[in-house]
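S.K.: My structure file target-v9.cif, mmCIF, C-alpha atoms, is below:
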```cif
data_structure
loop_
_atom_site.label_atom_id
_atom_site.label_comp_id
_atom_site.auth_asym_id
_atom_site.auth_seq_id
_atom_site.Cartn_x
_atom_site.Cartn_y
_atom_site.Cartn_z
CA MET A 1 0.00 0.00 0.00
CA THR A 2 1.31 3.45 -0.94
CA VAL A 3 0.62 6.24 1.50
CA ASP A 4 0.63 9.66 -0.18
CA PHE A 5 1.06 12.00 2.78
CA ASN A 6 3.53 14.86 3.13
CA GLU A 7 5.93 13.91 5.92
CA LYS A 8 5.78 17.51 7.16
CA TYR A 9 2.16 17.47 8.33
CA TYR A 10 1.91 15.18 11.30
CA ILE A 11 1.33 15.17 15.02
CA ASP A 12 2.84 12.88 17.59
CA PHE A 13 0.57 10.87 19.81
CA ILE A 14 0.98 9.01 23.07
CA ARG A 15 -1.01 6.14 24.48
CA ARG A 16 -2.45 6.91 27.89
CA GLN A 17 -5.35 5.33 29.77
CA ASN A 18 -6.35 3.25 26.72
CA HIS A 19 -6.63 6.36 24.51
CA LEU A 20 -4.51 8.07 21.90
CA ARG A 21 -3.62 11.60 23.07
CA VAL A 22 -2.70 14.41 20.67
CA TRP A 23 -2.04 18.14 21.02
CA ALA A 24 -3.62 21.04 19.17
CA ASN A 25 -3.69 24.81 19.64
CA LEU A 26 -6.97 26.59 20.16
CA PHE A 27 -7.32 30.08 18.69
CA VAL A 28 -9.16 33.23 19.67
CA ASN A 29 -9.09 35.66 16.78
CA GLU A 30 -5.50 35.26 15.53
CA LYS A 31 -3.86 34.40 18.84
CA PRO A 32 -3.37 30.84 20.05
CA ILE A 33 -4.84 30.29 23.47
CA ALA A 34 -4.67 27.18 25.57
CA PRO A 35 -4.52 26.26 29.22
CA SER A 36 -1.15 27.22 30.74
CA GLU A 37 0.02 28.66 27.39
CA ALA A 38 0.63 25.15 26.05
CA PRO A 39 -1.19 23.20 23.35
CA THR A 40 -4.36 21.50 24.53
CA ASP A 41 -4.19 17.76 25.16
CA PHE A 42 -7.00 15.96 23.31
CA ILE A 43 -8.15 12.38 23.09
CA PHE A 44 -8.05 11.52 19.36
CA ASP A 45 -11.45 9.93 18.78
CA PRO A 46 -12.65 9.58 15.18
CA GLY A 47 -15.62 7.59 16.50
CA ALA A 48 -16.96 10.56 18.46
CA VAL A 49 -19.39 12.77 16.57
CA MET A 50 -18.40 16.01 18.30
CA THR A 51 -15.29 17.71 19.57
CA VAL A 52 -15.77 18.25 23.31
CA LEU A 53 -14.05 20.72 25.61
CA THR A 54 -13.93 20.19 29.36
CA LEU A 55 -15.40 22.82 31.64
CA SER A 56 -11.88 23.89 32.66
CA THR A 57 -10.78 24.47 29.04
CA ALA A 58 -14.06 26.26 28.31
CA LYS A 59 -13.49 28.52 31.32
CA GLU A 60 -10.11 29.51 29.88
CA LEU A 61 -11.97 30.58 26.72
CA LYS A 62 -15.16 31.86 28.37
CA TYR A 63 -14.91 35.45 27.28
CA ASP A 64 -14.01 34.49 23.75
CA LEU A 65 -16.54 31.79 22.91
CA LEU A 66 -19.02 32.75 20.25
CA PRO A 67 -22.73 32.53 21.19
CA VAL A 68 -24.48 29.25 21.91
CA LYS A 69 -25.71 27.58 18.75
CA ARG A 70 -27.99 25.17 20.60
CA THR A 71 -28.10 22.70 23.42
CA ALA A 72 -28.11 18.93 22.99
CA LYS A 73 -27.84 15.64 24.82
CA LEU A 74 -24.85 13.46 23.98
CA GLU A 75 -24.44 9.84 24.96
CA GLY A 76 -21.31 7.77 25.36
CA PHE A 77 -19.36 10.17 27.55
CA VAL A 78 -20.86 9.00 30.82
CA PRO A 79 -21.74 5.27 30.98
CA GLY A 80 -25.49 4.76 31.00
CA ALA A 81 -26.33 8.45 30.93
CA TYR A 82 -26.79 11.39 28.60
CA LEU A 83 -24.75 14.53 29.03
CA ASN A 84 -26.39 17.92 28.55
CA VAL A 85 -24.09 20.10 26.46
CA ASP A 86 -24.08 23.52 24.90
CA TYR A 87 -22.85 23.79 21.32
CA LYS A 88 -20.56 26.79 21.09
CA VAL A 89 -18.17 28.02 18.45
CA ILE A 90 -14.47 28.61 19.01
CA HIS A 91 -12.53 30.78 16.60
CA GLY A 92 -10.15 28.09 15.45
CA ILE A 93 -7.95 25.09 16.05
CA ALA A 94 -4.51 24.29 14.62
CA ILE A 95 -3.41 20.74 14.12
CA ALA A 96 -0.51 19.26 12.14
CA GLY A 97 0.22 22.45 10.20
CA PHE A 98 -3.43 23.11 9.31
CA ARG A 99 -5.89 25.52 10.81
CA LEU A 100 -9.68 25.28 10.86
CA SER A 101 -11.85 28.27 11.60
CA LYS A 102 -15.18 28.49 13.42
CA ILE A 103 -15.22 25.11 15.13
CA THR A 104 -18.40 23.94 16.82
CA VAL A 105 -17.61 22.27 20.13
CA ALA A 106 -19.75 20.63 22.78
CA ILE A 107 -19.23 21.94 26.30
CA PRO A 108 -20.83 20.17 29.25
CA ASN A 109 -23.60 22.25 30.75
CA PRO A 110 -22.33 23.22 34.22
CA ASP A 111 -25.76 22.42 35.69
CA ASP A 112 -25.55 18.79 34.53
CA SER A 113 -24.68 16.48 37.44
CA ASN A 114 -22.22 14.60 35.18
CA ALA A 115 -20.42 17.70 33.83
CA ASP A 116 -17.43 17.35 36.13
CA ARG A 117 -16.94 13.71 35.07
CA ILE A 118 -15.71 14.90 31.66
CA ASN A 119 -12.02 15.35 32.39
CA SER A 120 -10.45 15.17 28.93
CA ASP A 121 -10.85 17.34 25.85
CA LEU A 122 -11.84 15.20 22.88
CA LEU A 123 -11.06 15.75 19.19
CA GLY A 124 -14.04 14.31 17.33
CA GLN A 125 -15.30 13.67 13.84
CA ASN A 126 -16.69 17.18 13.27
CA VAL A 127 -13.04 18.33 13.10
CA LEU A 128 -11.39 15.15 11.82
CA GLU A 129 -13.75 14.84 8.81
CA TYR A 130 -11.89 17.78 7.24
CA PHE A 131 -8.77 15.63 6.96
CA ASN A 132 -7.58 12.37 5.56
CA TYR A 133 -5.13 10.88 7.99
CA TYR A 134 -2.78 7.97 8.25
CA MET A 135 -1.73 6.55 11.61
CA ASP A 136 1.85 5.31 11.90
CA THR A 137 1.64 3.23 15.07
CA GLU A 138 5.24 2.11 14.77
CA ASN A 139 6.49 5.70 15.21
CA ASP A 140 3.50 7.14 17.14
CA LYS A 141 2.61 9.74 14.51
CA ILE A 142 -0.57 10.69 12.69
CA PHE A 143 -0.07 12.23 9.24
CA PHE A 144 -2.68 14.61 7.84
CA LYS A 145 -3.77 16.06 4.53
CA LYS A 146 -6.75 18.19 3.72
CA ASN A 147 -9.92 16.31 2.77
CA LEU A 148 -11.15 18.01 -0.39
CA LYS A 149 -14.69 16.62 0.01
CA PRO A 150 -15.63 16.73 3.69
CA LYS A 151 -19.12 15.56 4.59
CA PRO A 152 -20.25 17.56 7.63
CA ILE A 153 -22.49 15.63 9.99
CA SER A 154 -24.99 18.49 10.04
CA GLU A 155 -25.22 22.23 9.48
CA ASP A 156 -24.89 22.67 13.25
CA THR A 157 -21.50 20.99 13.29
CA LYS A 158 -20.11 22.39 10.05
CA CYS A 159 -16.73 24.10 10.43
CA GLY A 160 -15.40 27.12 8.61
CA VAL A 161 -12.43 27.19 6.26
CA VAL A 162 -9.49 24.78 6.47
CA PHE A 163 -6.19 26.22 5.37
CA LEU A 164 -2.52 25.38 5.52
CA ILE A 165 -0.51 27.45 7.97
CA ASP A 166 2.42 29.03 6.16
CA ASP A 167 5.24 28.34 8.59
CA ASP A 168 8.18 28.75 6.22
#
```
Now, as a test, write the supplied structure out as structure tokens.
M.R.:
Amino acid sequence: MTVDFNEKYYIDFIRRQNHLRVWANLFVNEKPIAPSEAPTDFIFDPGAVMTVLTLSTAKELKYDLLPVKRTAKLEGFVPGAYLNVDYKVIHGIAIAGFRLSKITVAIPNPDDSNADRINSDLLGQNVLEYFNYYMDTENDKIFFKKNLKPKPISEDTKCGVVFLIDDD
């Protein structure tokens, strides 16, 4: 099998607590913002429909989140229960040399009794569908290229523009 991915566009991952963990920068306007001025640690989960931010990450962004798009109930995050979430929009996320704008994220509703049980940010399909990716498990890297024909799950979860960050 031939893998046609530019070696330049990858992220490292680690295995921790039975999950693959990756790092991405969150953006507010044109400035990266993340807890403790470091990239945000995400669980890489292509099986999850939505990208989810923990309450602590959301609090770091609280003054810069765009208005609520809607509320929803998500299942699978808390065994045997639904989680009430607010869909909000963050300005952007950078991953593997690419940047996406206007990302819809699910944030646990603070009034939900299970909200504090969500203790990891999760990178889900509403972001990952904008990429084709190849996982090199021998070297713990995930290579990315832009998906030219993304199929958004719904209008509510549709992202903005995906573009290559010019870092040369």
S.K.: Taking 2 positions as the minimum chain separation for residues in the same chain, which residues sit within 12 Å of A:Arg16 when counting only C-alpha atoms? Answer as a short mmCIF file (atom, residue, chain, number, x, y, z; two decimals) with C-alpha atoms, keeping the file's coordinate frame.
M.R.:
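Okay, result-v3.cif is ready:
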```cif
data_model
loop_
_atom_site.label_atom_id
_atom_site.label_comp_id
_atom_site.auth_asym_id
_atom_site.auth_seq_id
_atom_site.Cartn_x
_atom_site.Cartn_y
_atom_site.Cartn_z
CA PHE A 13 0.57 10.87 19.81
CA ILE A 14 0.98 9.01 23.07
CA ASN A 18 -6.35 3.25 26.72
CA HIS A 19 -6.63 6.36 24.51
CA LEU A 20 -4.51 8.07 21.90
CA ARG A 21 -3.62 11.60 23.07
CA VAL A 22 -2.70 14.41 20.67
CA ASP A 41 -4.19 17.76 25.16
CA PHE A 42 -7.00 15.96 23.31
CA ILE A 43 -8.15 12.38 23.09
CA PHE A 44 -8.05 11.52 19.36
CA SER A 120 -10.45 15.17 28.93
#
```
S.K.: What would the list of residues within 12 Å of (0.5, 4.4, 14.8) (file frame) look like as a list in words, if all atoms listed in the file are what count?
M.R.: Tyr10, Ile11, Asp12, Phe13, Ile14, Arg15, Leu20, Arg21, Tyr133, Tyr134, Met135, Asp136, Thr137, Glu138, Asn139, Asp140, Lys141, Ile142 and Phe143 of chain A
S.K.: Now that the selection is made, can you save its residues with C-alpha atoms as an mmCIF file, keeping the file's coordinate frame?
M.R.:
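Here's the written file result28.cif:
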```cif
data_model
loop_
_atom_site.group_PDB
_atom_site.id
_atom_site.type_symbol
_atom_site.label_atom_id
_atom_site.label_comp_id
_atom_site.auth_asym_id
_atom_site.auth_seq_id
_atom_site.Cartn_x
_atom_site.Cartn_y
_atom_site.Cartn_z
ATOM 1 C CA TYR A 10 1.910 15.180 11.300
ATOM 2 C CA ILE A 11 1.330 15.170 15.020
ATOM 3 C CA ASP A 12 2.840 12.880 17.590
ATOM 4 C CA PHE A 13 0.570 10.870 19.810
ATOM 5 C CA ILE A 14 0.980 9.010 23.070
ATOM 6 C CA ARG A 15 -1.010 6.140 24.480
ATOM 7 C CA LEU A 20 -4.510 8.070 21.900
ATOM 8 C CA ARG A 21 -3.620 11.600 23.070
ATOM 9 C CA TYR A 133 -5.130 10.880 7.990
ATOM 10 C CA TYR A 134 -2.780 7.970 8.250
ATOM 11 C CA MET A 135 -1.730 6.550 11.610
ATOM 12 C CA ASP A 136 1.850 5.310 11.900
ATOM 13 C CA THR A 137 1.640 3.230 15.070
ATOM 14 C CA GLU A 138 5.240 2.110 14.770
ATOM 15 C CA ASN A 139 6.490 5.700 15.210
ATOM 16 C CA ASP A 140 3.500 7.140 17.140
ATOM 17 C CA LYS A 141 2.610 9.740 14.510
ATOM 18 C CA ILE A 142 -0.570 10.690 12.690
ATOM 19 C CA PHE A 143 -0.070 12.230 9.240
#
```
S.K.: Using only C-alpha atoms, which of A:Asp116, A:Glu75, A:Glu129, A:Asp45 sits nearest A:Pro150?
M.R.: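 Residue with the minimum atom-to-atom distance to A:Pro150: A:Glu129.
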S.K.: Looking at A:Lys145, A:Lys102, A:Lys59, A:His91, which one is nearest to A:Glu7, with distances taken over all atoms listed in the file?
M.R.: A:Lys145
S.K.: Hey, what comes out of the PyMOL selection byres ((chain A and resi 109) around 7) on this file? Could you write it as a short mmCIF file (atom, residue, chain, number, x, y, z; two decimals) with C-alpha atoms, in the frame of the given file?
M.R.:
```cif
data_model
loop_
_atom_site.label_atom_id
_atom_site.label_comp_id
_atom_site.auth_asym_id
_atom_site.auth_seq_id
_atom_site.Cartn_x
_atom_site.Cartn_y
_atom_site.Cartn_z
CA ASN A 84 -26.39 17.92 28.55
CA VAL A 85 -24.09 20.10 26.46
CA ASP A 86 -24.08 23.52 24.90
CA ILE A 107 -19.23 21.94 26.30
CA PRO A 108 -20.83 20.17 29.25
CA PRO A 110 -22.33 23.22 34.22
CA ASP A 111 -25.76 22.42 35.69
CA ASP A 112 -25.55 18.79 34.53
CA ALA A 115 -20.42 17.70 33.83
#
```
